[in-house]
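Okay, query07.csv now, which holds CSV, C-alpha atoms and all ligand atoms:
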```
chain,number,residue,atom,x,y,z
A,1,MET,CA,112.2,86.3,105.9
A,2,PHE,CA,113.4,89.9,106.4
A,3,PRO,CA,117.1,90.0,106.9
A,4,PHE,CA,117.1,93.7,107.0
A,5,PRO,CA,115.5,96.5,109.2
A,6,ILE,CA,112.5,98.4,108.0
A,7,ILE,CA,111.9,102.2,107.8
A,8,PHE,CA,108.2,103.0,107.8
A,9,LEU,CA,108.5,106.2,105.8
A,10,ASP,CA,106.1,109.2,105.6
A,11,ILE,CA,106.7,111.7,102.8
A,12,ASP,CA,104.9,115.0,103.4
A,13,GLY,CA,106.7,116.8,106.3
A,14,VAL,CA,109.6,114.2,106.0
A,15,LEU,CA,111.0,114.4,102.5
A,16,ILE,CA,108.8,117.3,101.4
A,17,PRO,CA,108.8,120.1,104.0
A,18,TYR,CA,105.7,122.3,104.2
A,19,GLY,CA,106.2,125.5,102.3
A,20,LYS,CA,108.3,123.8,99.6
A,21,ASP,CA,107.1,122.5,96.2
A,22,SER,CA,104.6,119.9,97.3
A,23,ARG,CA,105.4,117.5,94.4
A,24,THR,CA,109.2,117.5,94.7
A,25,LEU,CA,111.4,115.6,97.1
A,26,HIS,CA,113.5,118.2,98.9
A,27,ALA,CA,117.3,117.7,98.2
A,28,PRO,CA,118.5,118.1,101.8
A,29,CYS,CA,115.9,115.7,103.1
A,30,LEU,CA,116.9,113.2,100.4
A,31,ALA,CA,120.5,113.6,101.3
A,32,ALA,CA,119.7,112.6,104.9
A,33,LEU,CA,117.8,109.5,103.7
A,34,VAL,CA,120.7,108.5,101.4
A,35,SER,CA,123.0,108.8,104.4
A,36,ILE,CA,120.8,106.5,106.4
A,37,LEU,CA,120.4,104.0,103.6
A,38,SER,CA,124.2,104.1,103.0
A,39,GLN,CA,125.0,103.2,106.6
A,40,THR,CA,122.4,100.4,106.9
A,41,SER,CA,120.7,97.7,104.9
A,42,ALA,CA,117.3,99.2,105.7
A,43,ARG,CA,114.4,98.7,103.4
A,44,ILE,CA,111.5,101.2,103.1
A,45,VAL,CA,107.8,100.6,103.6
A,46,VAL,CA,105.9,103.7,102.5
A,47,SER,CA,103.3,104.7,105.1
A,48,SER,CA,102.4,108.1,103.6
A,49,SER,CA,99.2,108.8,101.8
A,50,TRP,CA,101.3,109.0,98.7
A,51,ARG,CA,101.0,105.2,98.6
A,52,LEU,CA,97.3,105.5,97.7
A,53,TYR,CA,97.4,107.5,94.5
A,54,ASP,CA,100.9,108.6,93.8
A,55,MET,CA,103.3,105.6,94.1
A,56,PRO,CA,104.4,105.7,90.4
A,57,GLU,CA,105.3,109.4,90.7
A,58,LEU,CA,107.1,108.8,94.1
A,59,MET,CA,109.0,105.7,92.7
A,60,ALA,CA,110.1,107.7,89.7
A,61,MET,CA,111.6,110.3,92.0
A,62,PHE,CA,113.3,107.6,94.1
A,63,ARG,CA,114.6,105.9,91.0
A,64,VAL,CA,116.9,108.8,90.1
A,65,VAL,CA,118.6,109.1,93.5
A,66,MET,CA,121.7,106.9,93.7
A,67,LEU,CA,123.2,105.3,96.8
A,68,PRO,CA,127.0,104.8,97.0
A,69,THR,CA,126.2,101.0,96.6
A,70,GLY,CA,125.0,101.6,93.1
A,71,GLU,CA,121.4,101.0,94.1
A,72,THR,CA,118.8,103.7,93.9
A,73,ILE,CA,116.4,104.6,96.7
A,74,ALA,CA,113.7,102.9,94.7
A,75,ASP,CA,115.6,99.6,95.0
A,76,ARG,CA,115.2,99.8,98.8
A,77,VAL,CA,111.4,100.2,98.7
A,78,ILE,CA,109.7,96.9,99.4
A,79,GLY,CA,106.1,97.9,99.8
A,80,THR,CA,103.5,100.1,101.4
A,81,THR,CA,101.4,99.8,104.5
A,82,PRO,CA,97.8,98.5,103.8
A,83,TRP,CA,94.8,100.7,103.5
A,84,SER,CA,91.3,99.5,104.5
A,85,ASP,CA,88.1,100.9,106.0
A,86,GLN,CA,88.7,98.9,109.2
A,87,LEU,CA,92.0,100.6,109.7
A,88,LEU,CA,90.8,104.1,108.9
A,89,ASP,CA,89.8,105.2,112.4
A,90,ASP,CA,87.9,108.4,111.4
A,91,ASN,CA,90.8,109.1,109.0
A,92,ILE,CA,92.8,110.6,111.8
A,93,VAL,CA,96.5,110.0,110.8
A,94,SER,CA,97.7,109.9,114.5
A,95,ARG,CA,95.4,106.9,115.0
A,96,CYS,CA,95.1,105.1,111.7
A,97,ARG,CA,98.8,105.2,110.8
A,98,PRO,CA,100.0,103.1,113.8
A,99,LYS,CA,97.2,100.6,113.0
A,100,GLU,CA,98.3,100.4,109.3
A,101,ILE,CA,101.9,99.8,110.4
A,102,ARG,CA,100.8,97.0,112.8
A,103,ALA,CA,98.7,95.5,110.0
A,104,TRP,CA,101.8,95.4,107.8
A,105,VAL,CA,103.8,93.8,110.6
A,106,ASP,CA,101.2,91.2,111.2
A,107,GLU,CA,100.7,90.4,107.6
A,108,HIS,CA,104.4,89.9,107.0
A,109,GLN,CA,105.0,88.3,110.4
A,110,PHE,CA,107.8,90.8,110.8
A,111,THR,CA,109.8,90.4,114.0
A,112,GLY,CA,112.9,92.5,113.2
A,113,THR,CA,114.0,96.0,113.9
A,114,ALA,CA,112.2,99.0,112.5
A,115,VAL,CA,111.9,102.8,112.9
A,116,ILE,CA,109.0,105.1,112.0
A,117,ILE,CA,109.8,108.5,110.4
A,118,ASP,CA,106.8,110.7,110.4
A,119,ASP,CA,106.0,114.4,111.1
A,120,GLU,CA,102.7,113.5,112.8
A,121,THR,CA,102.2,112.7,116.4
A,122,LEU,CA,101.4,109.0,116.4
A,123,HIS,CA,99.7,107.2,119.2
A,124,GLY,CA,100.7,103.7,120.3
A,125,VAL,CA,103.5,103.0,117.8
A,126,PRO,CA,105.2,99.6,118.0
A,127,TYR,CA,108.7,101.0,117.0
A,128,PRO,CA,110.8,104.0,117.8
A,129,HIS,CA,109.2,107.1,116.1
A,130,VAL,CA,111.5,109.9,114.8
A,131,LYS,CA,109.2,112.9,114.5
A,132,THR,CA,110.4,115.4,111.9
A,133,GLN,CA,109.5,119.1,111.9
A,134,LEU,CA,106.9,120.2,109.4
A,135,TYR,CA,108.9,122.9,107.9
A,136,THR,CA,112.3,121.2,107.7
A,137,GLY,CA,111.5,117.5,107.4
A,138,LEU,CA,114.3,114.9,107.7
A,139,THR,CA,117.7,116.5,108.3
A,140,GLU,CA,121.3,115.4,109.0
A,141,ASP,CA,120.5,115.9,112.7
A,142,HIS,CA,118.2,112.8,112.6
A,143,VAL,CA,120.6,110.5,110.9
A,144,ALA,CA,122.7,109.2,113.8
A,145,SER,CA,119.7,108.2,116.0
A,146,ILE,CA,117.9,106.6,113.1
A,147,VAL,CA,121.0,104.6,112.2
A,148,ARG,CA,121.4,103.6,115.8
A,149,TYR,CA,117.8,102.3,116.0
A,150,LEU,CA,118.2,100.4,112.7
A,151,THR,CA,121.4,98.7,113.6
A,152,LYS,CA,120.4,97.8,117.2
A,153,GLU,CA,120.5,94.0,117.7
A,201,MG,MG,103.4,113.7,107.0
```
How would this structure read if it were set down as structure tokens?
Amino acid sequence: MFPFPIIFLDIDGVLIPYGKDSRTLHAPCLAALVSILSQTSARIVVSSSWRLYDMPELMAMFRVVMLPTGETIADRVIGTTPWSDQLLDDNIVSRCRPKEIRAWVDEHQFTGTAVIIDDETLHGVPYPHVKTQLYTGLTEDHVASIVRYLTKE
């Protein structure tokens, strides 16, 4: 059902470092994401709170970033993690985000390879978690290990 690996992708602190324009994806972080997507067939599931209110705006920004394959980043986005009161866990990101990711995995009966990219400390995650730094977000330094996780058999 899913012949590709999944990136569970946070946005703030990953593609938008703190201290930068909070409504604009930061070019160096996007370049790192493009590099990852160019080297893998990975698809993106948005786990960020952007999924709740701002998906059209986010997708519009993804739609103008081309990959060498001729796709845009938007073409690689296949969905978002679910949101529900039951998953909320006092609205503490470190606790509810892993639950939301597991709920997506269960719902889609996903058994493949995945990686979680998030600047938050997450408790009990089911996949490798690459934790970005708040003020720099995703960088070239993260690319090799993420590609390795995504291409692991
Ligand atoms: Mg974040």
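Residue nearest ligand MG 201 (chain A), chosen from A:His26, A:Arg97, A:His142, A:Arg102 and counting only C-alpha atoms and all ligand atoms: A:Arg97.
Atom to atom, atom CA of A:Pro17 and atom CA of A:Ser84 stand 27.0 Å apart.
Going from atom CA of A:Gln86 over to atom CA of A:His129, you cover 23.1 Å.
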At a cut-off of 12 Å around ligand MG 201 (chain A), and using only C-alpha atoms and all ligand atoms, what residues come up? Please write them as a VMD selection string.
chain A and resid 8 to 18 22 46 to 50 93 to 94 97 116 to 122 130 to 138
Can I get the selected residues back with C-alpha atoms, as an mmCIF file, in the coordinates of the input?
```cif
data_model
loop_
_atom_site.group_PDB
_atom_site.id
_atom_site.type_symbol
_atom_site.label_atom_id
_atom_site.label_comp_id
_atom_site.auth_asym_id
_atom_site.auth_seq_id
_atom_site.Cartn_x
_atom_site.Cartn_y
_atom_site.Cartn_z
ATOM 1 C CA PHE A 8 108.200 103.000 107.800
ATOM 2 C CA LEU A 9 108.500 106.200 105.800
ATOM 3 C CA ASP A 10 106.100 109.200 105.600
ATOM 4 C CA ILE A 11 106.700 111.700 102.800
ATOM 5 C CA ASP A 12 104.900 115.000 103.400
ATOM 6 C CA GLY A 13 106.700 116.800 106.300
ATOM 7 C CA VAL A 14 109.600 114.200 106.000
ATOM 8 C CA LEU A 15 111.000 114.400 102.500
ATOM 9 C CA ILE A 16 108.800 117.300 101.400
ATOM 10 C CA PRO A 17 108.800 120.100 104.000
ATOM 11 C CA TYR A 18 105.700 122.300 104.200
ATOM 12 C CA SER A 22 104.600 119.900 97.300
ATOM 13 C CA VAL A 46 105.900 103.700 102.500
ATOM 14 C CA SER A 47 103.300 104.700 105.100
ATOM 15 C CA SER A 48 102.400 108.100 103.600
ATOM 16 C CA SER A 49 99.200 108.800 101.800
ATOM 17 C CA TRP A 50 101.300 109.000 98.700
ATOM 18 C CA VAL A 93 96.500 110.000 110.800
ATOM 19 C CA SER A 94 97.700 109.900 114.500
ATOM 20 C CA ARG A 97 98.800 105.200 110.800
ATOM 21 C CA ILE A 116 109.000 105.100 112.000
ATOM 22 C CA ILE A 117 109.800 108.500 110.400
ATOM 23 C CA ASP A 118 106.800 110.700 110.400
ATOM 24 C CA ASP A 119 106.000 114.400 111.100
ATOM 25 C CA GLU A 120 102.700 113.500 112.800
ATOM 26 C CA THR A 121 102.200 112.700 116.400
ATOM 27 C CA LEU A 122 101.400 109.000 116.400
ATOM 28 C CA VAL A 130 111.500 109.900 114.800
ATOM 29 C CA LYS A 131 109.200 112.900 114.500
ATOM 30 C CA THR A 132 110.400 115.400 111.900
ATOM 31 C CA GLN A 133 109.500 119.100 111.900
ATOM 32 C CA LEU A 134 106.900 120.200 109.400
ATOM 33 C CA TYR A 135 108.900 122.900 107.900
ATOM 34 C CA THR A 136 112.300 121.200 107.700
ATOM 35 C CA GLY A 137 111.500 117.500 107.400
ATOM 36 C CA LEU A 138 114.300 114.900 107.700
#
```
Could you list, as a ChimeraX atom specification, every residue within 9 Å of A:Leu37, counting all atoms listed in the file and ignoring same-chain residues fewer than 4 positions away?
/A:32-33,41-43,67,73,76,147
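For the pair atom CA of A:Cys29 and atom CA of A:Arg51, the separation is 18.8 Å.
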Give me, as number ranges by chain, all polymer residues having an atom no more than 12 Å from A:Phe110, counting only C-alpha atoms and skipping those fewer than 6 positions away in the same chain.
A: 1-6, 101-104, 126-127
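Among the candidates A:Tyr149, A:Ala74, A:Cys96, A:Leu87, the residue lying nearest to A:Pro56 is A:Ala74 (atoms considered: all atoms listed in the file).
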